[in-house]
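First the structure, in the form of structure tokens, and then the observations on it.
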Amino acid sequence: MRFLSNSFAIAVVLATGAGVAGASAAIAQQAPVYTGWLSKVAVGGYDPVAYFRQGKPVKGNARFAFSWQGAEYRFASAANRDDFRADPGHYAPRYGGYCAWAVAHGYTAPGDPKAWTIVKDRLYLNYDADVRRQWSKDIPRYIADANRNWPGVLGK
């Protein structure tokens with residue numbers, strides 16, 4: 001499975017003419033919360049509290065939004081938003097919503113809100129269902145490796 005590296009992403013930006021002074025620096029230093037290139041919405045707009053309450057991804061609503069760590073989180077209800085606001089470190093996906101398996105391997109990749117796992121009351125996202133299957137083969141080791149790599153992988 002292949003992922004775009006930061007250096008490849010920078011090359012694409014420069015080749016397309018979008019490489020103005022601030023653009024390459026913004027790519028080289030990734031945000032602590034994954035939101036995609038043209039968005040400030042975390043978890044793809046899904047409600048992070050719903051994973052714990054409903055046991056599945058549930059789309060959030062901009063009406064119930066809360067900003068944390070430079071990203072907007074959306075919730076299916078005011079109650080979920082308020083619970084997140086009281087303890088965002090508990091409900092937010094680990095590693096800023098980047099793929100936990102990628103972080104374990106020393107780089108970043110987008111986390112897919114539909115490829116998720118809760119382990120010891122923490123939410124982890126993976127790149128896709130195939131990566132989630134790889135992750136599931138040795139979750140404790142991958143969490144330990146990702147914990148060692150995070151947040152250092154953001155500067156790579």
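How things are named: the first chain in the structure tokens is A, the next is B, and so on; residues count from 1 in each chain; ligands count from 1 in the order shown.
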
Selection: 12 Å around Gly97 (chain A), only C-alpha atoms, excl. self and same-chain fewer than 6 positions, as a ChimeraX atom specification: /A:31-36,41-46,48,69,71,73,89,91,103,108-117,122-127,150

DSSP helix (DSSP H, G or I) selection over chain A, as a ChimeraX atom specification: /A:6-15,21-28,42-45,48-53,78-86,88-91,94-97,100-104,129-136,139-149,152-155

Write out as an MDAnalysis selection string all residues of chain A that DSSP puts in strand (DSSP E) for this structure's backbone. chainID A and resid 61:68 71:75 112:119 122:126

Okay, now the selection with N, CA and C atoms, as a PDB file, in the first residue's frame?
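Writing done, so here's again-v6.pdb:
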```pdb
ATOM      1  N   ASN A  61     -23.014  17.829  12.746  1.00  0.00           N
ATOM      2  CA  ASN A  61     -23.756  18.938  12.174  1.00  0.00           C
ATOM      3  C   ASN A  61     -23.005  20.217  12.520  1.00  0.00           C
ATOM      4  N   ALA A  62     -22.815  21.103  11.535  1.00  0.00           N
ATOM      5  CA  ALA A  62     -22.104  22.360  11.763  1.00  0.00           C
ATOM      6  C   ALA A  62     -22.792  23.203  12.846  1.00  0.00           C
ATOM      7  N   ARG A  63     -24.065  22.977  13.057  1.00  0.00           N
ATOM      8  CA  ARG A  63     -24.806  23.701  14.100  1.00  0.00           C
ATOM      9  C   ARG A  63     -24.259  23.377  15.490  1.00  0.00           C
ATOM     10  N   PHE A  64     -23.667  22.180  15.648  1.00  0.00           N
ATOM     11  CA  PHE A  64     -23.109  21.744  16.932  1.00  0.00           C
ATOM     12  C   PHE A  64     -21.589  21.611  16.813  1.00  0.00           C
ATOM     13  N   ALA A  65     -20.930  22.695  16.461  1.00  0.00           N
ATOM     14  CA  ALA A  65     -19.482  22.678  16.238  1.00  0.00           C
ATOM     15  C   ALA A  65     -18.733  23.216  17.454  1.00  0.00           C
ATOM     16  N   PHE A  66     -17.487  22.763  17.582  1.00  0.00           N
ATOM     17  CA  PHE A  66     -16.596  23.235  18.641  1.00  0.00           C
ATOM     18  C   PHE A  66     -15.172  23.204  18.086  1.00  0.00           C
ATOM     19  N   SER A  67     -14.424  24.283  18.287  1.00  0.00           N
ATOM     20  CA  SER A  67     -13.041  24.351  17.814  1.00  0.00           C
ATOM     21  C   SER A  67     -12.080  23.942  18.914  1.00  0.00           C
ATOM     22  N   TRP A  68     -11.114  23.105  18.514  1.00  0.00           N
ATOM     23  CA  TRP A  68     -10.090  22.635  19.450  1.00  0.00           C
ATOM     24  C   TRP A  68      -8.833  22.333  18.651  1.00  0.00           C
ATOM     25  N   ALA A  71      -8.819  23.086  14.864  1.00  0.00           N
ATOM     26  CA  ALA A  71      -9.732  22.370  13.972  1.00  0.00           C
ATOM     27  C   ALA A  71     -11.152  22.472  14.498  1.00  0.00           C
ATOM     28  N   GLU A  72     -12.101  22.362  13.591  1.00  0.00           N
ATOM     29  CA  GLU A  72     -13.514  22.367  13.968  1.00  0.00           C
ATOM     30  C   GLU A  72     -14.015  20.934  14.051  1.00  0.00           C
ATOM     31  N   TYR A  73     -14.552  20.589  15.192  1.00  0.00           N
ATOM     32  CA  TYR A  73     -15.181  19.283  15.391  1.00  0.00           C
ATOM     33  C   TYR A  73     -16.684  19.483  15.320  1.00  0.00           C
ATOM     34  N   ARG A  74     -17.362  18.563  14.674  1.00  0.00           N
ATOM     35  CA  ARG A  74     -18.814  18.641  14.535  1.00  0.00           C
ATOM     36  C   ARG A  74     -19.466  17.473  15.258  1.00  0.00           C
ATOM     37  N   PHE A  75     -20.658  17.724  15.779  1.00  0.00           N
ATOM     38  CA  PHE A  75     -21.342  16.746  16.626  1.00  0.00           C
ATOM     39  C   PHE A  75     -22.786  16.573  16.185  1.00  0.00           C
ATOM     40  N   ASP A 112      -9.297   7.735   8.065  1.00  0.00           N
ATOM     41  CA  ASP A 112     -10.645   7.612   7.511  1.00  0.00           C
ATOM     42  C   ASP A 112     -11.621   7.390   8.663  1.00  0.00           C
ATOM     43  N   PRO A 113     -12.604   8.261   8.835  1.00  0.00           N
ATOM     44  CA  PRO A 113     -13.559   8.106   9.937  1.00  0.00           C
ATOM     45  C   PRO A 113     -14.331   6.787   9.907  1.00  0.00           C
ATOM     46  N   LYS A 114     -14.328   6.095   8.762  1.00  0.00           N
ATOM     47  CA  LYS A 114     -15.039   4.822   8.671  1.00  0.00           C
ATOM     48  C   LYS A 114     -14.131   3.626   8.956  1.00  0.00           C
ATOM     49  N   ALA A 115     -12.828   3.869   9.129  1.00  0.00           N
ATOM     50  CA  ALA A 115     -11.864   2.810   9.461  1.00  0.00           C
ATOM     51  C   ALA A 115     -11.340   3.099  10.861  1.00  0.00           C
ATOM     52  N   TRP A 116     -12.103   2.714  11.843  1.00  0.00           N
ATOM     53  CA  TRP A 116     -11.848   3.131  13.227  1.00  0.00           C
ATOM     54  C   TRP A 116     -11.813   1.943  14.169  1.00  0.00           C
ATOM     55  N   THR A 117     -11.214   2.205  15.339  1.00  0.00           N
ATOM     56  CA  THR A 117     -11.154   1.214  16.411  1.00  0.00           C
ATOM     57  C   THR A 117     -11.120   1.972  17.739  1.00  0.00           C
ATOM     58  N   ILE A 118     -11.801   1.452  18.737  1.00  0.00           N
ATOM     59  CA  ILE A 118     -11.647   1.969  20.099  1.00  0.00           C
ATOM     60  C   ILE A 118     -10.875   0.921  20.882  1.00  0.00           C
ATOM     61  N   VAL A 119      -9.762   1.368  21.475  1.00  0.00           N
ATOM     62  CA  VAL A 119      -8.904   0.498  22.276  1.00  0.00           C
ATOM     63  C   VAL A 119      -8.665   1.192  23.611  1.00  0.00           C
ATOM     64  N   ARG A 122     -10.002   4.705  23.882  1.00  0.00           N
ATOM     65  CA  ARG A 122      -9.420   5.732  23.022  1.00  0.00           C
ATOM     66  C   ARG A 122      -9.763   5.398  21.574  1.00  0.00           C
ATOM     67  N   LEU A 123     -10.010   6.435  20.780  1.00  0.00           N
ATOM     68  CA  LEU A 123     -10.394   6.291  19.384  1.00  0.00           C
ATOM     69  C   LEU A 123      -9.162   6.387  18.482  1.00  0.00           C
ATOM     70  N   TYR A 124      -9.032   5.429  17.575  1.00  0.00           N
ATOM     71  CA  TYR A 124      -7.949   5.404  16.597  1.00  0.00           C
ATOM     72  C   TYR A 124      -8.559   5.313  15.210  1.00  0.00           C
ATOM     73  N   LEU A 125      -8.015   6.069  14.261  1.00  0.00           N
ATOM     74  CA  LEU A 125      -8.442   5.999  12.869  1.00  0.00           C
ATOM     75  C   LEU A 125      -7.318   5.394  12.035  1.00  0.00           C
ATOM     76  N   ASN A 126      -7.693   4.733  10.957  1.00  0.00           N
ATOM     77  CA  ASN A 126      -6.730   4.202  10.004  1.00  0.00           C
ATOM     78  C   ASN A 126      -7.038   4.741   8.617  1.00  0.00           C
TER      79      ASN A 126
END
```

At a cut-off of 12 Å, using only C-alpha atoms, what residues contact Asp145 (chain A)? Leave out same-chain residues fewer than 6 positions from it and give the result as JSON, numbers by chain. {"A": [95, 100, 101, 102, 103, 104, 105, 106, 107, 135, 138, 139, 151, 152, 153]}

Take CA of Arg132 (chain A) and CA of Ser39 (chain A) and report the distance between them in Å, one decimal. 24.1 Å

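Separating CA of Ala50 (chain A) from CA of Ala76 (chain A) is a distance of 7.7 Å.
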